[in-house]
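Source file: my_file.txt. Holds: compact mmCIF, C-alpha atoms.
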```
# COMPACT_ATOMS: atom_id res chain seq x y z
CA MET T 23 -32.26 1.37 -1.32
CA TYR T 24 -30.83 0.87 2.16
CA ASN T 25 -31.89 3.09 5.04
CA ALA T 26 -28.71 4.93 6.05
CA GLY T 27 -30.31 7.31 8.49
CA ARG T 28 -29.82 5.24 11.60
CA GLN T 29 -26.14 4.56 10.80
CA ASP T 30 -25.46 8.28 10.80
CA GLY T 31 -27.10 8.36 14.19
CA GLY T 32 -24.17 6.56 15.81
CA VAL T 33 -24.80 2.83 15.27
CA GLU T 34 -21.48 0.99 15.04
CA LEU T 35 -21.00 -0.81 11.76
CA ARG T 36 -18.61 -3.22 10.10
CA ALA T 37 -17.35 -2.69 6.58
CA LEU T 38 -15.05 -4.05 3.88
CA VAL T 39 -13.41 -1.25 1.89
CA SER T 40 -11.51 -1.43 -1.41
CA GLY T 41 -9.96 1.48 -3.27
CA GLN T 42 -9.37 -0.73 -6.31
CA ALA T 43 -13.06 -1.56 -6.54
CA GLY T 44 -14.10 1.94 -5.44
CA LEU T 45 -16.51 0.16 -3.15
CA ALA T 46 -17.42 -0.49 0.48
CA ILE T 47 -19.65 -3.28 1.72
CA VAL T 48 -21.41 -2.19 4.92
CA PHE T 49 -22.81 -4.69 7.42
CA GLU T 50 -25.38 -4.13 10.14
CA GLU T 51 -27.47 -6.66 12.04
CA GLY T 52 -27.21 -9.36 9.37
CA HIS T 53 -27.86 -6.98 6.47
CA ALA T 54 -25.37 -5.88 3.81
CA ALA T 55 -25.29 -2.84 1.56
CA SER T 56 -22.83 -1.46 -0.98
CA LEU T 57 -21.49 2.07 -1.21
CA ARG T 58 -19.63 3.47 -4.21
CA THR T 59 -16.95 6.15 -4.05
CA ASP T 60 -18.93 8.47 -6.31
CA ASP T 61 -22.34 7.85 -4.73
CA SER T 62 -23.64 8.55 -1.22
CA VAL T 63 -26.54 6.09 -1.56
CA LEU T 64 -26.34 2.67 0.11
CA ILE T 65 -27.73 -0.16 -2.01
CA ALA T 66 -29.04 -3.25 -0.21
CA ARG T 67 -27.30 -6.47 -1.22
CA GLU T 68 -28.20 -10.13 -0.82
CA SER T 69 -25.70 -12.42 0.89
CA TYR T 70 -24.81 -14.09 -2.42
CA GLU T 71 -24.10 -10.75 -4.16
CA TRP T 72 -21.51 -8.82 -2.22
CA PRO T 73 -18.63 -11.36 -2.13
CA TYR T 74 -18.40 -11.22 -5.93
CA MET T 75 -18.23 -7.43 -5.87
CA LEU T 76 -14.83 -7.56 -4.14
CA ALA T 77 -13.56 -10.79 -5.70
CA ASP T 78 -10.90 -9.16 -7.90
CA ALA T 79 -9.63 -6.65 -5.32
CA ASP T 80 -6.47 -7.38 -3.32
CA ASP T 81 -6.54 -4.24 -1.18
CA VAL T 82 -9.62 -5.02 0.91
CA VAL T 83 -9.48 -3.62 4.45
CA GLU T 84 -11.88 -4.57 7.23
CA LEU T 85 -13.25 -1.84 9.50
CA ASN T 86 -15.01 -2.60 12.78
CA ASP T 87 -17.14 -0.48 15.11
CA VAL T 88 -17.20 2.50 12.74
CA SER T 89 -19.83 5.02 11.70
CA LEU T 90 -21.11 5.49 8.17
CA GLY T 91 -19.22 8.77 7.99
CA GLU T 92 -15.96 7.01 8.88
CA ILE T 93 -16.62 4.38 6.22
CA LYS T 94 -17.16 7.07 3.60
CA SER T 95 -13.92 8.79 4.62
CA GLU T 96 -11.93 5.55 4.47
CA LEU T 97 -13.42 4.68 1.08
CA SER T 98 -12.53 8.11 -0.29
CA LEU T 99 -8.95 7.79 0.98
CA ALA T 100 -8.60 4.25 -0.36
CA SER T 101 -9.78 5.39 -3.79
CA ARG T 102 -7.30 8.28 -3.82
CA LYS T 103 -4.50 5.91 -2.87
CA ASP T 104 -5.40 3.57 -5.69
CA GLY T 105 -5.61 6.46 -8.14
CA ALA T 106 -2.18 7.72 -7.09
CA LEU T 107 -0.70 4.25 -7.52
CA HIS T 108 -2.00 4.10 -11.09
CA LEU T 109 -0.49 7.53 -11.81
CA VAL T 110 2.91 6.49 -10.44
CA LEU T 111 2.91 3.41 -12.64
CA ILE T 112 2.07 5.55 -15.67
CA LEU T 113 4.84 8.02 -14.81
CA LEU T 114 7.43 5.22 -14.58
CA ASP T 115 6.21 3.27 -17.59
CA VAL T 116 8.27 3.99 -20.70
CA GLU T 117 5.51 2.48 -22.83
CA SER T 118 2.85 4.90 -21.57
CA SER T 119 2.05 7.82 -23.83
CA ASP T 120 4.21 10.92 -23.46
CA GLU T 121 1.11 12.98 -22.76
CA GLY T 122 -0.08 10.58 -20.08
CA ARG T 123 3.29 10.62 -18.35
CA ARG T 124 3.51 14.43 -18.47
CA ARG T 125 0.06 14.79 -16.94
CA SER T 126 0.65 12.23 -14.21
CA ALA T 127 3.41 14.18 -12.39
CA PRO T 128 1.46 17.38 -11.53
CA CYS T 129 -1.59 15.27 -10.62
CA LEU T 130 0.56 13.28 -8.21
CA GLU T 131 2.07 16.46 -6.82
CA GLY T 132 -1.37 17.61 -5.78
CA MET T 133 -2.30 14.21 -4.37
CA PHE T 134 0.92 14.06 -2.34
CA SER T 135 -0.34 16.99 -0.28
CA ASP T 136 -2.28 14.26 1.51
CA GLU T 137 0.23 12.58 3.82
CA GLY T 138 -1.75 9.34 3.83
CA VAL T 139 -1.64 9.08 0.03
CA ARG T 140 2.06 9.95 -0.19
CA ARG T 141 3.04 7.45 2.50
CA PHE T 142 0.95 4.74 0.82
CA ILE T 143 2.90 5.20 -2.42
CA GLU T 144 6.26 5.35 -0.65
CA ASN T 145 5.57 2.13 1.22
CA ARG T 146 4.87 0.28 -2.01
CA LEU T 147 7.72 1.63 -4.10
CA PHE T 148 10.29 0.30 -1.61
CA VAL T 149 8.96 -3.26 -1.47
CA ALA T 150 11.35 -4.32 -4.25
CA PRO T 151 13.78 -2.70 -6.69
CA LEU T 152 12.13 -1.21 -9.73
CA PRO T 153 11.96 -3.56 -12.72
CA SER T 154 14.41 -3.03 -15.56
CA THR T 155 11.54 -1.78 -17.71
CA ALA T 156 10.88 1.20 -15.40
CA ASP T 157 12.07 4.53 -16.77
CA LEU T 158 13.17 6.23 -13.57
CA GLU T 159 15.40 8.80 -15.29
CA GLY T 160 12.59 9.77 -17.64
CA ALA T 161 10.18 10.08 -14.72
CA LEU T 162 12.63 12.36 -12.90
CA LYS T 163 12.96 14.62 -15.95
CA ILE T 164 9.18 14.89 -16.19
CA ALA T 165 8.86 15.70 -12.48
CA ARG T 166 11.53 18.41 -12.75
CA SER T 167 10.07 19.98 -15.87
CA SER T 168 6.61 20.16 -14.29
CA HIS T 169 8.02 21.56 -11.01
CA SER T 170 6.55 18.59 -9.13
CA GLU T 171 8.91 18.85 -6.18
CA LYS T 172 7.30 16.23 -3.93
CA VAL T 173 7.28 13.72 -6.77
CA GLU T 174 10.87 14.50 -7.70
CA ASN T 175 12.02 14.08 -4.10
CA LEU T 176 10.35 10.68 -3.85
CA LEU T 177 11.84 9.47 -7.13
CA GLN T 178 15.31 10.60 -6.04
CA GLU T 179 14.91 8.69 -2.78
CA ILE T 180 13.88 5.59 -4.70
CA GLN T 181 16.88 5.99 -6.99
CA ARG T 182 19.27 6.24 -4.02
CA ASN T 183 17.81 3.13 -2.35
CA GLN T 184 17.65 0.64 -5.22
CA ASP T 185 20.52 -1.48 -3.87
CA ALA T 186 19.02 -1.42 -0.38
CA ALA T 187 15.61 -2.40 -1.76
CA ARG T 188 17.19 -5.30 -3.63
CA LEU T 189 18.92 -6.62 -0.51
CA CYS T 190 15.80 -6.16 1.58
CA ARG T 191 13.57 -8.03 -0.87
CA GLN T 192 16.07 -10.84 -1.44
CA ALA T 193 16.34 -11.28 2.32
CA TRP T 194 12.55 -11.33 2.67
CA ASP T 195 12.23 -14.00 -0.02
CA THR T 196 14.83 -16.08 1.83
CA LEU T 197 12.85 -16.15 5.08
CA PRO T 198 11.31 -19.62 5.57
CA ALA T 199 7.53 -19.89 5.76
CA ASP T 200 7.72 -21.85 9.01
CA LEU T 201 9.15 -18.75 10.72
CA PHE T 202 5.64 -17.31 10.32
CA GLY T 203 3.68 -20.50 10.86
CA GLY T 204 3.10 -21.22 7.18
CA ALA T 205 3.10 -19.61 3.74
CA ALA T 206 -0.31 -17.97 4.22
CA TYR T 207 0.86 -16.29 7.44
CA LYS T 208 4.05 -15.08 5.74
CA GLU T 209 1.93 -13.51 3.02
CA GLU T 210 -0.29 -11.86 5.63
CA PHE T 211 2.74 -10.61 7.57
CA GLY T 212 4.23 -9.21 4.37
CA PHE T 213 1.02 -7.37 3.50
CA GLU T 214 0.92 -5.72 6.91
CA ALA T 215 4.67 -5.01 6.79
CA VAL T 216 4.15 -3.06 3.57
CA ASN T 217 1.29 -1.08 5.11
CA ALA T 218 3.41 -0.34 8.18
CA GLY T 219 6.29 0.88 6.00
CA VAL T 220 8.72 -1.77 7.24
CA PHE T 221 10.27 -2.39 3.80
CA ARG T 222 10.74 1.37 3.30
CA ARG T 223 12.24 1.86 6.76
CA LEU T 224 14.61 -1.07 6.32
CA CYS T 225 15.90 0.52 3.14
CA ALA T 226 16.37 3.86 4.90
CA VAL T 227 18.47 2.48 7.79
CA GLN T 228 20.84 0.35 5.71
CA PRO T 229 23.59 -0.43 6.32
CA ALA T 230 24.71 1.25 9.54
CA GLY T 231 21.39 1.43 11.37
CA LEU T 232 20.00 -2.07 10.85
CA SER T 233 20.10 -2.81 14.57
CA ALA T 234 17.40 -0.16 15.08
CA ALA T 235 15.10 -2.22 12.86
CA LEU T 236 14.66 -4.72 15.68
CA ASP T 237 12.12 -2.30 17.08
CA PHE T 238 10.06 -2.12 13.87
CA GLU T 239 6.66 -3.60 14.63
CA VAL T 240 4.06 -5.15 12.36
CA PRO T 241 0.65 -4.61 13.98
CA GLY T 242 -1.17 -7.79 14.94
CA PHE T 243 1.92 -10.02 14.94
CA PRO T 244 3.42 -10.73 18.39
CA ASN T 245 6.44 -12.44 16.76
CA SER T 246 7.50 -9.27 14.90
CA ARG T 247 10.78 -9.00 16.78
CA GLU T 248 11.74 -12.59 16.02
CA VAL T 249 10.98 -12.05 12.33
CA MET T 250 12.86 -8.76 12.22
CA LYS T 251 15.91 -10.34 13.86
CA ARG T 252 16.05 -13.05 11.20
CA TRP T 253 15.28 -10.59 8.41
CA ILE T 254 18.11 -8.27 9.49
CA ARG T 255 20.52 -11.21 9.58
CA GLU T 256 19.55 -12.18 6.04
CA ILE T 257 20.05 -8.59 4.84
CA GLU T 258 23.51 -8.46 6.44
CA GLU T 259 24.47 -11.77 4.84
CA GLY T 260 23.08 -10.79 1.44
CA PRO T 261 26.33 -9.42 -0.04
CA LEU T 262 28.15 -12.55 1.21
CA ARG T 263 25.68 -14.82 -0.61
CA ILE T 264 26.37 -12.94 -3.84
CA LEU T 265 30.13 -13.48 -3.44
CA ARG T 266 29.82 -17.22 -2.75
```
For the structure just supplied, provide its representation as structure tokens.
Amino acid sequence: MYNAGRQDGGVELRALVSGQAGLAIVFEEGHAASLRTDDSVLIARESYEWPYMLADADDVVELNDVSLGEIKSELSLASRKDGALHLVLILLDVESSDEGRRRSAPCLEGMFSDEGVRRFIENRLFVAPLPSTADLEGALKIARSSHSEKVENLLQEIQRNQDAARLCRQAWDTLPADLFGGAAYKEEFGFEAVNAGVFRRLCAVQPAGLSAALDFEVPGFPNSREVMKRWIREIEEGPLRILR
């Protein structure tokens, strides 16, 4: 068992947090410890152990200069976000059980009271148009029948913006990797753009307000404006490419 007392006393820590794994890896002075969402006890880990504990997670976030209390809060939020994402997928999945879909809507309604959780889901549902297998109409009926107003409003917004989401994603896929400095940097930019809500905001301003998107920033990327300028141009030319 890891001694957590001194972290609570104000020592600044580093951590890797994953809602998918329901886990945080906490680092201090060359030592590592794991913390589970459902457990307040830190477990000491050897250097060869902890990398494998996050190997299958693609939502890992690094925190620096934080307290143990802040790590616990971020882990709790990350786990709620991941849980909400699973519920949304169930709600939209025509192959999920009727009972599972009915239960998912009111659960999401409660979770959407947390602005951070709701925004997390919004940002991801606008990254691309819904697949043809998604049952959006069925999900809307379930949300209405369960009086899940926040969920219904989000689904209606998604429904209204499917064409915009399609243009936005096609334009993104068209952007060359060398605009970002390589494929890995494009992937990293895209990840942060999702977190910053850039895909969602691009859908919201189409078509008349695309010029305002020049001011959309992706934290940590000084070339955001250059990327946005090219991205906007590709969105505007999207309908023309279809007609060619």
Inset, instruction - Pick out the closest residue to T:Tyr207 from this set: T:Gln192, T:Met250, T:Phe243, T:Gly132. Count only C-alpha atoms. - result: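 Checking each candidate against T:Tyr207, we get T:Phe243 as the closest.
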Inset, instruction - Pick out the residues sitting within 12 Å of T:Ala186, and hand them over as a VMD selection string; count all atoms listed in the file, and ignore anything fewer than 6 positions along from it in its own chain. - result: chain T and resid 148 to 152 179 to 180 192 to 193 221 to 230 232 257 to 258 260 to 261
Keeping only C-alpha atoms, write those residues as an mmCIF file, in the frame of the given file.
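Produced file part.cif, reproduced below:
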```cif
data_model
loop_
_atom_site.group_PDB
_atom_site.id
_atom_site.type_symbol
_atom_site.label_atom_id
_atom_site.label_comp_id
_atom_site.auth_asym_id
_atom_site.auth_seq_id
_atom_site.Cartn_x
_atom_site.Cartn_y
_atom_site.Cartn_z
ATOM 1 C CA PHE T 148 10.290 0.300 -1.610
ATOM 2 C CA VAL T 149 8.960 -3.260 -1.470
ATOM 3 C CA ALA T 150 11.350 -4.320 -4.250
ATOM 4 C CA PRO T 151 13.780 -2.700 -6.690
ATOM 5 C CA LEU T 152 12.130 -1.210 -9.730
ATOM 6 C CA GLU T 179 14.910 8.690 -2.780
ATOM 7 C CA ILE T 180 13.880 5.590 -4.700
ATOM 8 C CA GLN T 192 16.070 -10.840 -1.440
ATOM 9 C CA ALA T 193 16.340 -11.280 2.320
ATOM 10 C CA PHE T 221 10.270 -2.390 3.800
ATOM 11 C CA ARG T 222 10.740 1.370 3.300
ATOM 12 C CA ARG T 223 12.240 1.860 6.760
ATOM 13 C CA LEU T 224 14.610 -1.070 6.320
ATOM 14 C CA CYS T 225 15.900 0.520 3.140
ATOM 15 C CA ALA T 226 16.370 3.860 4.900
ATOM 16 C CA VAL T 227 18.470 2.480 7.790
ATOM 17 C CA GLN T 228 20.840 0.350 5.710
ATOM 18 C CA PRO T 229 23.590 -0.430 6.320
ATOM 19 C CA ALA T 230 24.710 1.250 9.540
ATOM 20 C CA LEU T 232 20.000 -2.070 10.850
ATOM 21 C CA ILE T 257 20.050 -8.590 4.840
ATOM 22 C CA GLU T 258 23.510 -8.460 6.440
ATOM 23 C CA GLY T 260 23.080 -10.790 1.440
ATOM 24 C CA PRO T 261 26.330 -9.420 -0.040
#
```
Legend entry - Contacts of stretch 118-130 of chain T at 9 Å (all atoms listed in the file; same-chain gap of 2+ positions) as number ranges by chain: T: 106, 109-110, 112-116, 132-135, 140, 161, 164-165, 167-170, 172-174
Inset, instruction - Mind giving me the straight-line distance from atom CA of T:Leu162 to atom CA of T:Gln184 in Å, one decimal? - result: 14.9 Å
At a cut-off of 12 Å, can you tabulate as a Markdown table every residue of stretch 70-186 of chain T near stretch 35-51 of chain T together with its closest atom pair and the distance in Å to one decimal, using all atoms listed in the file and ordering rows by chain then number?
```
| residue | atom | partner | partner_atom | distance |
| --- | --- | --- | --- | --- |
| T:Glu71 | CA | T:Ile47 | CA | 10.5 |
| T:Trp72 | CA | T:Ile47 | CA | 7.0 |
| T:Pro73 | CA | T:Ile47 | CA | 9.0 |
| T:Tyr74 | CA | T:Ala43 | CA | 11.1 |
| T:Met75 | CA | T:Ala43 | CA | 7.9 |
| T:Leu76 | CA | T:Ala43 | CA | 6.7 |
| T:Ala77 | CA | T:Ala43 | CA | 9.3 |
| T:Asp78 | CA | T:Ala43 | CA | 8.0 |
| T:Ala79 | CA | T:Gln42 | CA | 6.0 |
| T:Asp80 | CA | T:Gln42 | CA | 7.8 |
| T:Asp81 | CA | T:Ser40 | CA | 5.7 |
| T:Val82 | CA | T:Ser40 | CA | 4.7 |
| T:Val83 | CA | T:Val39 | CA | 5.3 |
| T:Glu84 | CA | T:Leu38 | CA | 4.6 |
| T:Leu85 | CA | T:Ala37 | CA | 5.1 |
| T:Asn86 | CA | T:Arg36 | CA | 4.5 |
| T:Asp87 | CA | T:Leu35 | CA | 5.1 |
| T:Val88 | CA | T:Leu35 | CA | 5.1 |
| T:Ser89 | CA | T:Leu35 | CA | 5.9 |
| T:Leu90 | CA | T:Leu35 | CA | 7.3 |
| T:Gly91 | CA | T:Leu35 | CA | 10.4 |
| T:Glu92 | CA | T:Leu35 | CA | 9.7 |
| T:Ile93 | CA | T:Ala37 | CA | 7.1 |
| T:Lys94 | CA | T:Ala46 | CA | 8.2 |
| T:Ser95 | CA | T:Val39 | CA | 10.4 |
| T:Glu96 | CA | T:Val39 | CA | 7.4 |
| T:Leu97 | CA | T:Val39 | CA | 6.0 |
| T:Ser98 | CA | T:Gly41 | CA | 7.7 |
| T:Leu99 | CA | T:Gly41 | CA | 7.7 |
| T:Ala100 | CA | T:Gly41 | CA | 4.2 |
| T:Ser101 | CA | T:Gly41 | CA | 3.9 |
| T:Arg102 | CA | T:Gly41 | CA | 7.3 |
| T:Lys103 | CA | T:Gly41 | CA | 7.0 |
| T:Asp104 | CA | T:Gly41 | CA | 5.6 |
| T:Gly105 | CA | T:Gly41 | CA | 8.2 |
| T:Ala106 | CA | T:Gly41 | CA | 10.7 |
| T:Leu107 | CA | T:Gln42 | CA | 10.1 |
| T:His108 | CA | T:Gln42 | CA | 10.0 |
| T:Val139 | CA | T:Gly41 | CA | 11.7 |
```
Legend entry - Contact residues around T:Lys208 with all atoms listed in the file at 12 Å, ignoring same-chain residues under 4 positions, as a PyMOL selection string: chain T and resi 194-204+212-215+240+243+245-246+249
Legend entry - Atomic distance atom CA of T:Glu210 - atom CA of T:Ser154, expressed in Å with one decimal: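 Interatomic distance, atom CA of T:Glu210 to atom CA of T:Ser154: 27.3 Å.
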